[in-house]
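Below is structure-v6.pdb, which holds PDB, C-alpha atoms.
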```
ATOM      1  CA  MET T  82     -71.125  45.467  65.579
ATOM      2  CA  THR T  83     -70.193  48.922  64.509
ATOM      3  CA  ALA T  84     -69.614  49.749  60.871
ATOM      4  CA  ILE T  85     -66.153  50.975  60.122
ATOM      5  CA  ASN T  86     -65.381  54.119  58.093
ATOM      6  CA  GLU T  87     -61.946  54.248  56.533
ATOM      7  CA  GLY T  88     -60.857  57.660  57.722
ATOM      8  CA  GLU T  89     -58.696  60.511  56.738
ATOM      9  CA  ILE T  90     -56.490  62.797  58.794
ATOM     10  CA  LEU T  91     -56.800  66.537  58.602
ATOM     11  CA  SER T  92     -54.677  69.253  60.124
ATOM     12  CA  SER T  93     -53.166  72.676  59.797
ATOM     13  CA  GLU T  94     -50.471  74.634  61.581
ATOM     14  CA  ASP T  95     -49.390  73.611  65.097
ATOM     15  CA  ASP T  96     -50.356  75.757  68.063
ATOM     16  CA  GLY T  97     -48.964  75.162  71.488
ATOM     17  CA  LEU T  98     -48.535  71.452  72.157
ATOM     18  CA  GLY T  99     -45.622  70.605  69.867
ATOM     19  CA  ILE T 100     -45.363  66.939  68.915
ATOM     20  CA  PHE T 101     -47.725  65.798  71.690
ATOM     21  CA  PRO T 102     -50.715  65.350  69.326
ATOM     22  CA  LEU T 103     -48.640  63.236  66.929
ATOM     23  CA  VAL T 104     -47.331  61.023  69.730
ATOM     24  CA  GLY T 105     -50.784  60.812  71.282
ATOM     25  CA  MET T 106     -52.334  59.534  68.065
ATOM     26  CA  ALA T 107     -49.618  56.887  67.743
ATOM     27  CA  ILE T 108     -50.316  55.818  71.325
ATOM     28  CA  PHE T 109     -53.996  55.376  70.490
ATOM     29  CA  ILE T 110     -53.066  53.040  67.632
ATOM     30  CA  LEU T 111     -50.672  51.051  69.827
ATOM     31  CA  VAL T 112     -53.122  50.773  72.741
ATOM     32  CA  ILE T 113     -55.871  49.512  70.439
ATOM     33  CA  GLN T 114     -53.526  46.867  69.037
ATOM     34  CA  LEU T 115     -52.390  45.626  72.439
ATOM     35  CA  ILE T 116     -55.882  45.536  73.948
ATOM     36  CA  ALA T 117     -57.242  43.819  70.838
ATOM     37  CA  ILE T 118     -54.674  41.029  71.214
ATOM     38  CA  LEU T 119     -55.580  40.552  74.883
ATOM     39  CA  MET T 120     -59.287  40.406  74.017
ATOM     40  CA  ALA T 121     -58.843  37.700  71.356
ATOM     41  CA  GLU T 122     -59.173  34.726  73.705
ATOM     42  CA  PRO T 123     -62.273  36.045  75.568
ATOM     43  CA  PHE T 124     -63.946  36.778  72.233
ATOM     44  CA  GLU T 125     -63.113  33.310  70.903
ATOM     45  CA  ALA T 126     -64.406  31.701  74.107
ATOM     46  CA  GLY T 127     -67.611  33.716  73.768
ATOM     47  CA  GLY T 128     -68.102  32.667  70.148
ATOM     48  CA  PHE T 129     -67.860  36.175  68.720
ATOM     49  CA  GLN T 130     -66.223  35.242  65.407
ATOM     50  CA  ALA T 131     -67.810  37.176  62.544
ATOM     51  CA  PHE T 132     -67.111  34.466  59.937
ATOM     52  CA  SER T 133     -67.318  30.690  60.285
ATOM     53  CA  GLU T 134     -64.584  30.063  57.691
ATOM     54  CA  PRO T 135     -61.641  32.356  58.523
ATOM     55  CA  ASP T 136     -59.556  31.177  55.533
ATOM     56  CA  SER T 137     -62.150  32.064  52.904
ATOM     57  CA  LEU T 138     -61.155  34.896  50.581
ATOM     58  CA  VAL T 139     -64.843  35.606  50.049
ATOM     59  CA  ASN T 140     -65.090  37.069  53.566
ATOM     60  CA  PRO T 141     -63.032  40.225  52.961
ATOM     61  CA  LEU T 142     -64.918  40.878  49.727
ATOM     62  CA  MET T 143     -68.217  40.582  51.595
ATOM     63  CA  TYR T 144     -66.903  42.985  54.201
ATOM     64  CA  VAL T 145     -65.858  45.533  51.587
ATOM     65  CA  GLY T 146     -69.259  45.183  49.944
ATOM     66  CA  LEU T 147     -70.957  46.009  53.246
ATOM     67  CA  ILE T 148     -68.724  49.053  53.674
ATOM     68  CA  LEU T 149     -69.560  50.330  50.204
ATOM     69  CA  ALA T 150     -73.285  49.772  50.733
ATOM     70  CA  PHE T 151     -73.190  51.488  54.128
ATOM     71  CA  THR T 152     -71.216  54.456  52.768
ATOM     72  CA  LEU T 153     -73.688  54.890  49.902
ATOM     73  CA  PHE T 154     -76.587  54.703  52.321
ATOM     74  CA  ILE T 155     -75.076  57.333  54.635
ATOM     75  CA  LEU T 156     -74.346  59.681  51.729
ATOM     76  CA  ILE T 157     -77.956  59.366  50.538
ATOM     77  CA  VAL T 158     -79.264  60.093  54.040
ATOM     78  CA  ILE T 159     -76.968  63.139  54.308
ATOM     79  CA  LYS T 160     -78.221  64.410  50.952
ATOM     80  CA  MET T 161     -81.791  64.054  52.253
ATOM     81  CA  ASN T 162     -80.870  66.144  55.323
ATOM     82  CA  GLN T 163     -81.845  63.334  57.705
ATOM     83  CA  ASP T 164     -78.812  63.613  59.961
ATOM     84  CA  TRP T 165     -80.842  62.495  62.992
ATOM     85  CA  PHE T 166     -81.073  59.009  61.527
ATOM     86  CA  ILE T 167     -77.291  58.729  61.137
ATOM     87  CA  HIS T 168     -76.826  59.998  64.680
ATOM     88  CA  LEU T 169     -79.265  57.405  66.025
ATOM     89  CA  PHE T 170     -77.718  54.600  63.986
ATOM     90  CA  ILE T 171     -74.198  55.387  65.179
ATOM     91  CA  LEU T 172     -75.350  55.631  68.793
ATOM     92  CA  LEU T 173     -76.963  52.187  68.567
ATOM     93  CA  ALA T 174     -73.899  50.742  66.837
ATOM     94  CA  VAL T 175     -71.561  52.207  69.440
ATOM     95  CA  GLY T 176     -73.683  50.960  72.314
ATOM     96  CA  SER T 177     -74.021  47.447  70.915
ATOM     97  CA  THR T 178     -70.287  47.199  70.216
ATOM     98  CA  MET T 179     -69.432  48.241  73.754
ATOM     99  CA  TYR T 180     -71.895  45.627  75.022
ATOM    100  CA  TYR T 181     -70.102  42.879  73.083
ATOM    101  CA  VAL T 182     -66.766  44.033  74.487
ATOM    102  CA  PHE T 183     -67.994  44.134  78.082
ATOM    103  CA  VAL T 184     -69.900  40.851  77.948
ATOM    104  CA  ALA T 185     -66.844  39.065  76.545
ATOM    105  CA  LEU T 186     -64.660  40.444  79.327
ATOM    106  CA  LEU T 187     -67.112  40.347  82.236
ATOM    107  CA  SER T 188     -69.347  37.399  81.288
ATOM    108  CA  ASN T 189     -72.303  39.228  82.794
ATOM    109  CA  SER T 190     -75.030  40.480  80.463
ATOM    110  CA  LEU T 191     -76.747  42.763  82.972
ATOM    111  CA  VAL T 192     -73.555  44.562  83.978
ATOM    112  CA  SER T 193     -72.462  44.772  80.334
ATOM    113  CA  VAL T 194     -75.759  46.288  79.202
ATOM    114  CA  SER T 195     -75.637  48.781  82.067
ATOM    115  CA  LEU T 196     -72.062  49.866  81.331
ATOM    116  CA  ALA T 197     -72.707  50.186  77.608
ATOM    117  CA  ALA T 198     -75.913  52.170  78.185
ATOM    118  CA  VAL T 199     -74.305  54.544  80.696
ATOM    119  CA  LEU T 200     -71.298  55.221  78.455
ATOM    120  CA  THR T 201     -73.501  55.721  75.378
ATOM    121  CA  ILE T 202     -75.743  58.189  77.200
ATOM    122  CA  PHE T 203     -72.743  59.998  78.660
ATOM    123  CA  MET T 204     -71.181  60.266  75.198
ATOM    124  CA  TYR T 205     -74.447  61.647  73.811
ATOM    125  CA  LYS T 206     -74.813  64.207  76.585
ATOM    126  CA  PHE T 207     -71.148  65.208  76.893
ATOM    127  CA  PRO T 208     -69.204  64.445  73.680
ATOM    128  CA  GLU T 209     -65.952  66.097  74.721
ATOM    129  CA  TRP T 210     -62.821  64.935  72.906
ATOM    130  CA  TYR T 211     -61.478  62.791  75.753
ATOM    131  CA  VAL T 212     -64.841  61.024  76.135
ATOM    132  CA  ILE T 213     -64.959  60.287  72.417
ATOM    133  CA  ASP T 214     -61.337  59.103  72.416
ATOM    134  CA  THR T 215     -61.883  56.773  75.385
ATOM    135  CA  ILE T 216     -64.952  55.162  73.863
ATOM    136  CA  GLY T 217     -63.163  55.052  70.513
ATOM    137  CA  VAL T 218     -60.376  52.950  72.059
ATOM    138  CA  ILE T 219     -62.931  50.508  73.499
ATOM    139  CA  ILE T 220     -64.761  50.181  70.190
ATOM    140  CA  GLY T 221     -61.586  50.051  68.108
ATOM    141  CA  ALA T 222     -60.016  47.304  70.197
ATOM    142  CA  GLY T 223     -63.237  45.301  70.198
ATOM    143  CA  VAL T 224     -63.812  45.481  66.456
ATOM    144  CA  ALA T 225     -60.159  44.782  65.631
ATOM    145  CA  SER T 226     -60.174  41.760  67.936
ATOM    146  CA  ILE T 227     -63.429  40.316  66.585
ATOM    147  CA  PHE T 228     -62.315  40.565  62.967
ATOM    148  CA  GLY T 229     -58.784  39.502  63.860
ATOM    149  CA  ILE T 230     -60.055  36.156  65.167
ATOM    150  CA  SER T 231     -62.531  35.869  62.295
ATOM    151  CA  LEU T 232     -60.110  36.253  59.365
ATOM    152  CA  SER T 233     -56.836  34.431  58.913
ATOM    153  CA  VAL T 234     -53.774  36.282  57.658
ATOM    154  CA  LEU T 235     -54.237  36.019  53.871
ATOM    155  CA  PRO T 236     -57.888  37.211  53.862
ATOM    156  CA  VAL T 237     -56.877  40.083  56.158
ATOM    157  CA  MET T 238     -54.138  41.106  53.720
ATOM    158  CA  VAL T 239     -56.663  41.084  50.872
ATOM    159  CA  LEU T 240     -58.993  43.211  52.988
ATOM    160  CA  LEU T 241     -56.278  45.736  53.860
ATOM    161  CA  ILE T 242     -55.096  46.070  50.267
ATOM    162  CA  VAL T 243     -58.603  46.564  48.869
ATOM    163  CA  LEU T 244     -59.518  49.086  51.567
ATOM    164  CA  ALA T 245     -56.269  51.009  51.095
ATOM    165  CA  VAL T 246     -57.074  51.409  47.392
ATOM    166  CA  TYR T 247     -60.655  52.360  48.160
ATOM    167  CA  ASP T 248     -59.575  54.889  50.789
ATOM    168  CA  ALA T 249     -57.167  56.541  48.362
ATOM    169  CA  ILE T 250     -59.838  56.790  45.668
ATOM    170  CA  SER T 251     -62.493  58.095  48.075
ATOM    171  CA  VAL T 252     -60.219  60.801  49.499
ATOM    172  CA  TYR T 253     -58.074  61.892  46.549
ATOM    173  CA  LYS T 254     -60.337  61.288  43.547
ATOM    174  CA  THR T 255     -64.076  61.117  44.298
ATOM    175  CA  LYS T 256     -63.589  62.926  47.653
ATOM    176  CA  HIS T 257     -66.828  61.452  48.960
ATOM    177  CA  MET T 258     -65.085  60.280  52.143
ATOM    178  CA  ILE T 259     -64.191  63.895  52.920
ATOM    179  CA  THR T 260     -67.827  64.863  52.420
ATOM    180  CA  LEU T 261     -68.892  62.031  54.692
ATOM    181  CA  ALA T 262     -66.354  62.921  57.382
ATOM    182  CA  GLU T 263     -67.274  66.604  57.393
ATOM    183  CA  SER T 264     -70.992  65.816  57.582
ATOM    184  CA  VAL T 265     -70.667  63.337  60.436
ATOM    185  CA  MET T 266     -68.163  65.545  62.281
ATOM    186  CA  ASP T 267     -70.866  67.755  63.765
ATOM    187  CA  MET T 268     -72.462  64.750  65.453
ATOM    188  CA  LYS T 269     -69.355  64.361  67.642
ATOM    189  CA  MET T 270     -69.417  60.581  67.703
ATOM    190  CA  PRO T 271     -66.570  58.106  68.373
ATOM    191  CA  ILE T 272     -65.890  57.367  64.726
ATOM    192  CA  LEU T 273     -62.683  59.381  64.892
ATOM    193  CA  PHE T 274     -59.948  60.293  67.339
ATOM    194  CA  VAL T 275     -59.426  63.882  68.373
ATOM    195  CA  ILE T 276     -56.140  65.173  69.790
ATOM    196  CA  PRO T 277     -55.953  68.884  70.763
ATOM    197  CA  ARG T 278     -53.236  71.024  69.185
ATOM    198  CA  ARG T 279     -53.673  73.888  71.592
ATOM    199  CA  ARG T 280     -54.287  74.124  75.301
ATOM    200  CA  GLY T 281     -57.842  74.682  76.365
ATOM    201  CA  PHE T 282     -59.303  73.066  73.247
ATOM    202  CA  SER T 283     -62.917  71.920  73.565
ATOM    203  CA  PHE T 284     -64.458  69.646  70.963
ATOM    204  CA  LEU T 285     -67.906  70.659  72.150
ATOM    205  CA  SER T 286     -67.388  74.165  70.755
ATOM    206  CA  ASN T 287     -65.366  73.094  67.714
ATOM    207  CA  THR T 288     -67.479  72.776  64.579
ATOM    208  CA  GLU T 289     -65.038  72.727  61.666
ATOM    209  CA  MET T 290     -62.453  70.121  60.750
ATOM    210  CA  GLY T 291     -58.938  71.195  60.026
ATOM    211  CA  GLU T 292     -59.165  74.633  61.553
ATOM    212  CA  GLY T 293     -55.886  74.166  63.416
ATOM    213  CA  ASP T 294     -57.233  73.341  66.862
ATOM    214  CA  ALA T 295     -56.862  69.551  66.723
ATOM    215  CA  TYR T 296     -55.767  66.497  64.792
ATOM    216  CA  PHE T 297     -58.536  64.202  63.581
ATOM    217  CA  MET T 298     -57.976  60.570  62.623
ATOM    218  CA  GLY T 299     -60.692  58.199  61.473
ATOM    219  CA  LEU T 300     -61.263  55.254  63.800
ATOM    220  CA  GLY T 301     -60.910  52.905  60.845
ATOM    221  CA  ASP T 302     -57.310  54.023  60.382
ATOM    222  CA  ALA T 303     -56.484  52.498  63.757
ATOM    223  CA  ILE T 304     -58.723  49.443  63.424
ATOM    224  CA  MET T 305     -57.744  48.086  60.014
ATOM    225  CA  PRO T 306     -54.005  47.491  60.544
ATOM    226  CA  SER T 307     -54.836  46.208  64.039
ATOM    227  CA  ILE T 308     -56.888  43.392  62.487
ATOM    228  CA  LEU T 309     -53.682  42.028  60.936
ATOM    229  CA  VAL T 310     -51.913  42.413  64.283
ATOM    230  CA  VAL T 311     -54.540  40.251  65.996
ATOM    231  CA  SER T 312     -54.856  37.741  63.152
ATOM    232  CA  SER T 313     -51.120  37.092  62.939
ATOM    233  CA  ASN T 314     -50.966  36.552  66.691
ATOM    234  CA  PHE T 315     -54.112  34.413  66.832
ATOM    235  CA  PHE T 316     -53.719  32.110  63.831
ATOM    236  CA  ILE T 317     -49.945  31.649  63.627
ATOM    237  CA  GLU T 318     -47.973  29.850  66.310
ATOM    238  CA  ALA T 319     -44.582  31.499  66.597
ATOM    239  CA  GLU T 320     -42.110  32.669  69.178
ATOM    240  CA  GLY T 321     -42.356  36.169  70.492
ATOM    241  CA  ILE T 322     -42.179  38.375  73.540
ATOM    242  CA  GLY T 323     -44.772  37.822  76.230
ATOM    243  CA  PHE T 324     -48.231  37.438  74.701
ATOM    244  CA  ILE T 325     -47.212  38.838  71.282
ATOM    245  CA  ASN T 326     -45.409  36.822  68.630
ATOM    246  CA  TYR T 327     -42.760  38.281  66.356
ATOM    247  CA  LEU T 328     -45.102  38.542  63.377
ATOM    248  CA  SER T 329     -47.478  40.740  65.360
ATOM    249  CA  ILE T 330     -44.593  42.813  66.670
ATOM    250  CA  GLY T 331     -43.376  43.354  63.111
ATOM    251  CA  THR T 332     -46.906  44.310  62.055
ATOM    252  CA  ILE T 333     -47.190  46.838  64.895
ATOM    253  CA  ILE T 334     -43.834  48.401  64.019
ATOM    254  CA  GLY T 335     -44.772  48.543  60.342
ATOM    255  CA  ALA T 336     -48.112  50.210  61.041
ATOM    256  CA  LEU T 337     -46.443  52.827  63.240
ATOM    257  CA  CYS T 338     -43.842  53.477  60.536
ATOM    258  CA  GLY T 339     -46.669  53.988  58.055
ATOM    259  CA  TYR T 340     -48.250  56.394  60.520
ATOM    260  CA  MET T 341     -45.004  58.373  60.751
ATOM    261  CA  VAL T 342     -44.848  58.697  56.965
ATOM    262  CA  LEU T 343     -48.455  59.852  56.957
ATOM    263  CA  MET T 344     -47.761  62.436  59.649
ATOM    264  CA  SER T 345     -44.924  63.858  57.584
ATOM    265  CA  LEU T 346     -47.559  64.820  55.001
ATOM    266  CA  VAL T 347     -50.331  65.922  57.322
ATOM    267  CA  GLY T 348     -48.709  69.204  58.340
ATOM    268  CA  LYS T 349     -49.437  70.676  54.913
ATOM    269  CA  GLY T 350     -53.058  71.087  55.941
ATOM    270  CA  LYS T 351     -54.769  68.896  53.335
ATOM    271  CA  PRO T 352     -56.835  65.746  53.980
ATOM    272  CA  HIS T 353     -54.917  62.513  53.531
ATOM    273  CA  ALA T 354     -56.150  58.948  53.262
ATOM    274  CA  GLY T 355     -54.765  57.043  56.224
ATOM    275  CA  LEU T 356     -55.168  53.435  55.137
ATOM    276  CA  PRO T 357     -52.727  53.451  52.187
ATOM    277  CA  PHE T 358     -49.962  54.327  54.640
ATOM    278  CA  LEU T 359     -51.049  52.388  57.718
ATOM    279  CA  ASN T 360     -52.165  49.222  55.913
ATOM    280  CA  THR T 361     -49.106  49.153  53.690
ATOM    281  CA  GLY T 362     -46.848  49.645  56.685
ATOM    282  CA  ALA T 363     -48.585  46.849  58.601
ATOM    283  CA  ILE T 364     -48.297  44.394  55.707
ATOM    284  CA  LEU T 365     -44.649  45.244  55.039
ATOM    285  CA  GLY T 366     -43.862  44.937  58.743
ATOM    286  CA  PHE T 367     -45.529  41.522  58.851
ATOM    287  CA  LEU T 368     -43.631  40.298  55.780
ATOM    288  CA  ALA T 369     -40.328  41.653  57.115
ATOM    289  CA  ALA T 370     -40.822  39.826  60.422
ATOM    290  CA  SER T 371     -41.703  36.647  58.536
ATOM    291  CA  VAL T 372     -38.424  36.820  56.617
ATOM    292  CA  ILE T 373     -36.243  37.928  59.527
ATOM    293  CA  PHE T 374     -37.489  35.254  61.938
ATOM    294  CA  GLY T 375     -38.097  32.565  59.317
ATOM    295  CA  ILE T 376     -41.801  32.185  60.136
ATOM    296  CA  SER T 377     -44.022  30.732  57.410
ATOM    297  CA  PHE T 378     -47.591  32.031  57.198
ATOM    298  CA  ILE T 379     -48.801  30.159  54.120
TER     299      ILE T 379
END
```
Whole structure, structure tokens version:
Amino acid sequence: MTAINEGEILSSEDDGLGIFPLVGMAIFILVIQLIAILMAEPFEAGGFQAFSEPDSLVNPLMYVGLILAFTLFILIVIKMNQDWFIHLFILLAVGSTMYYVFVALLSNSLVSVSLAAVLTIFMYKFPEWYVIDTIGVIIGAGVASIFGISLSVLPVMVLLIVLAVYDAISVYKTKHMITLAESVMDMKMPILFVIPRRRGFSFLSNTEMGEGDAYFMGLGDAIMPSILVVSSNFFIEAEGIGFINYLSIGTIIGALCGYMVLMSLVGKGKPHAGLPFLNTGAILGFLAASVIFGISFI
């Protein structure tokens, strides 16, 4: 399972594509949420739950602890100038996550291993922005679905709140998440989404974040609110539309509203923590839907 970095979004002045990058990033978030919901049942049937007791409030604290330990480890490796190790680790994590996604959907280990290996090699050899974005959607949906069926609603809310606070501190105060993002950026791995801001943009030749050529959003910014989307749909029986209940719909709308608020700040060209906006929006959207439709979640 891939480790998740809470990301930040960087940008500068627009050049050529208008609001397309902003809409495109919102579509990535929405697609991850919808696919993650659809993958919940195959993952449950395959026994891919990350925690055996989904109601335990210890689970989100353990998860945060793992994130902190992993972040510290990566920062130490970067300081030691051993970037090759991080590159290798992320490649293995990406490949294994794609394997879990494919085996849950296809129920065939050989085909799943082959697909995951081919995509991982292709990403390594040709890490263009659309390749990274495509694999990022696969990974994001898979991780969000696995944790969404592993944590019930209250533990997920605890997780989102704690990570939102941590993301704000790591971006605005200690700034170590910016250091981490800039260091890993050169590896061109699917730990972020890239949307061009000008025609003809190539991520292969782009080496600096925030230089005005593209929007960058950490993969964790799409995954974390999506966990609540999946959890509310998986653990709570309620009416809805199609395969999505009203609580999940409210969560999706809230997360997208949080994204819009975030985007209103991004144009100033400074890094912004995504999770305080996206997680808060998702939680408020969930609570609003609970009140509006009279659905109890406790």
Expansion of the PyMOL selection byres ((chain T and resi 138-148) around 7) into residues, as a ChimeraX atom specification:
/T:136-137,149-152,236-237,239-240
For a quick check of understanding, using all atoms listed in the file, which of T:Ser226, T:Ser195, T:Thr260, T:Asn162 has the smallest distance to T:Val311?
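Closest to T:Val311 of all the choices is T:Ser226.
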Residues within 10 Å of T:Ala174, please, as a list in words. Count only C-alpha atoms; anything in the same chain fewer than 2 positions from it doesn't count.
Met82, Thr83, Ala84, His168, Leu169, Phe170, Ile171, Leu172, Gly176, Ser177, Thr178, Met179, Tyr180, Thr201 and Ile220 of chain T
Output as JSON lines one row per residue of stretch 181-239 of chain T within 10 Å of stretch 105-109 of chain T: the closest atom pair and its distance in Å to one decimal place, counting all atoms listed in the file, sorted by chain and residue number ascending.
```
{"residue": "T:Asp214", "atom": "CA", "partner": "T:Phe109", "partner_atom": "CA", "distance": 8.5}
{"residue": "T:Thr215", "atom": "CA", "partner": "T:Phe109", "partner_atom": "CA", "distance": 9.4}
{"residue": "T:Gly217", "atom": "CA", "partner": "T:Phe109", "partner_atom": "CA", "distance": 9.2}
{"residue": "T:Val218", "atom": "CA", "partner": "T:Phe109", "partner_atom": "CA", "distance": 7.0}
{"residue": "T:Gly221", "atom": "CA", "partner": "T:Phe109", "partner_atom": "CA", "distance": 9.6}
```
Would you work out the distance separating atom CA of T:Leu186 from atom CA of T:Val275, expressed in Å to one decimal?
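Here the two named atoms are 26.4 Å from each other.
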Using all atoms listed in the file, which of the listed residues (T:Ala319, T:Arg278, T:Pro123, T:Asn360) sits closest to T:Leu187?
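Looking only at the distances to T:Leu187, the closest residue turns out to be T:Pro123.
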Atom-to-atom span, atom CA of T:Leu196 and atom CA of T:Leu300, Å:
21.3 Å
Could you expand the PyMOL selection byres ((chain T and resi 242) around 9) into the explicit residues it covers here, written as a list of chain:residue names?
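That expression, the PyMOL selection byres ((chain T and resi 242) around 9), corresponds here to T:Val237, T:Met238, T:Val239, T:Leu240, T:Leu241, T:Val243, T:Leu244, T:Ala245, T:Val246, T:Tyr247, T:Leu356, T:Pro357, T:Asn360, T:Thr361, T:Ile364.
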Which residue of T:Pro102, T:Gly362, T:Gly355, T:Gly301 approaches T:Cys338 most closely, using all atoms listed in the file:
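For T:Cys338, the nearest of the candidates is T:Gly362.
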For atom CA of T:Ser233 and atom CA of T:Leu115, quote the distance in Å rounded to one decimal.
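These two atoms are separated by 18.1 Å.
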Picked residues, the PyMOL selection byres ((chain T and resi 128) around 12), expected as a PDB file with C-alpha atoms, in the frame of the given file:
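Final output, out-v6.pdb:
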```pdb
ATOM      1  CA  ALA T 121     -58.843  37.700  71.356  1.00  0.00           C
ATOM      2  CA  GLU T 122     -59.173  34.726  73.705  1.00  0.00           C
ATOM      3  CA  PRO T 123     -62.273  36.045  75.568  1.00  0.00           C
ATOM      4  CA  PHE T 124     -63.946  36.778  72.233  1.00  0.00           C
ATOM      5  CA  GLU T 125     -63.113  33.310  70.903  1.00  0.00           C
ATOM      6  CA  ALA T 126     -64.406  31.701  74.107  1.00  0.00           C
ATOM      7  CA  GLY T 127     -67.611  33.716  73.768  1.00  0.00           C
ATOM      8  CA  PHE T 129     -67.860  36.175  68.720  1.00  0.00           C
ATOM      9  CA  GLN T 130     -66.223  35.242  65.407  1.00  0.00           C
ATOM     10  CA  ALA T 131     -67.810  37.176  62.544  1.00  0.00           C
ATOM     11  CA  PHE T 132     -67.111  34.466  59.937  1.00  0.00           C
ATOM     12  CA  SER T 133     -67.318  30.690  60.285  1.00  0.00           C
ATOM     13  CA  TYR T 181     -70.102  42.879  73.083  1.00  0.00           C
ATOM     14  CA  VAL T 184     -69.900  40.851  77.948  1.00  0.00           C
ATOM     15  CA  ALA T 185     -66.844  39.065  76.545  1.00  0.00           C
ATOM     16  CA  ILE T 227     -63.429  40.316  66.585  1.00  0.00           C
ATOM     17  CA  ILE T 230     -60.055  36.156  65.167  1.00  0.00           C
ATOM     18  CA  SER T 231     -62.531  35.869  62.295  1.00  0.00           C
TER      19      SER T 231
END
```
Closest of T:Ala354, T:Val182, T:Ile325, T:Met305 to T:Ala262 - atom-to-atom distances counting only C-alpha atoms
T:Ala354
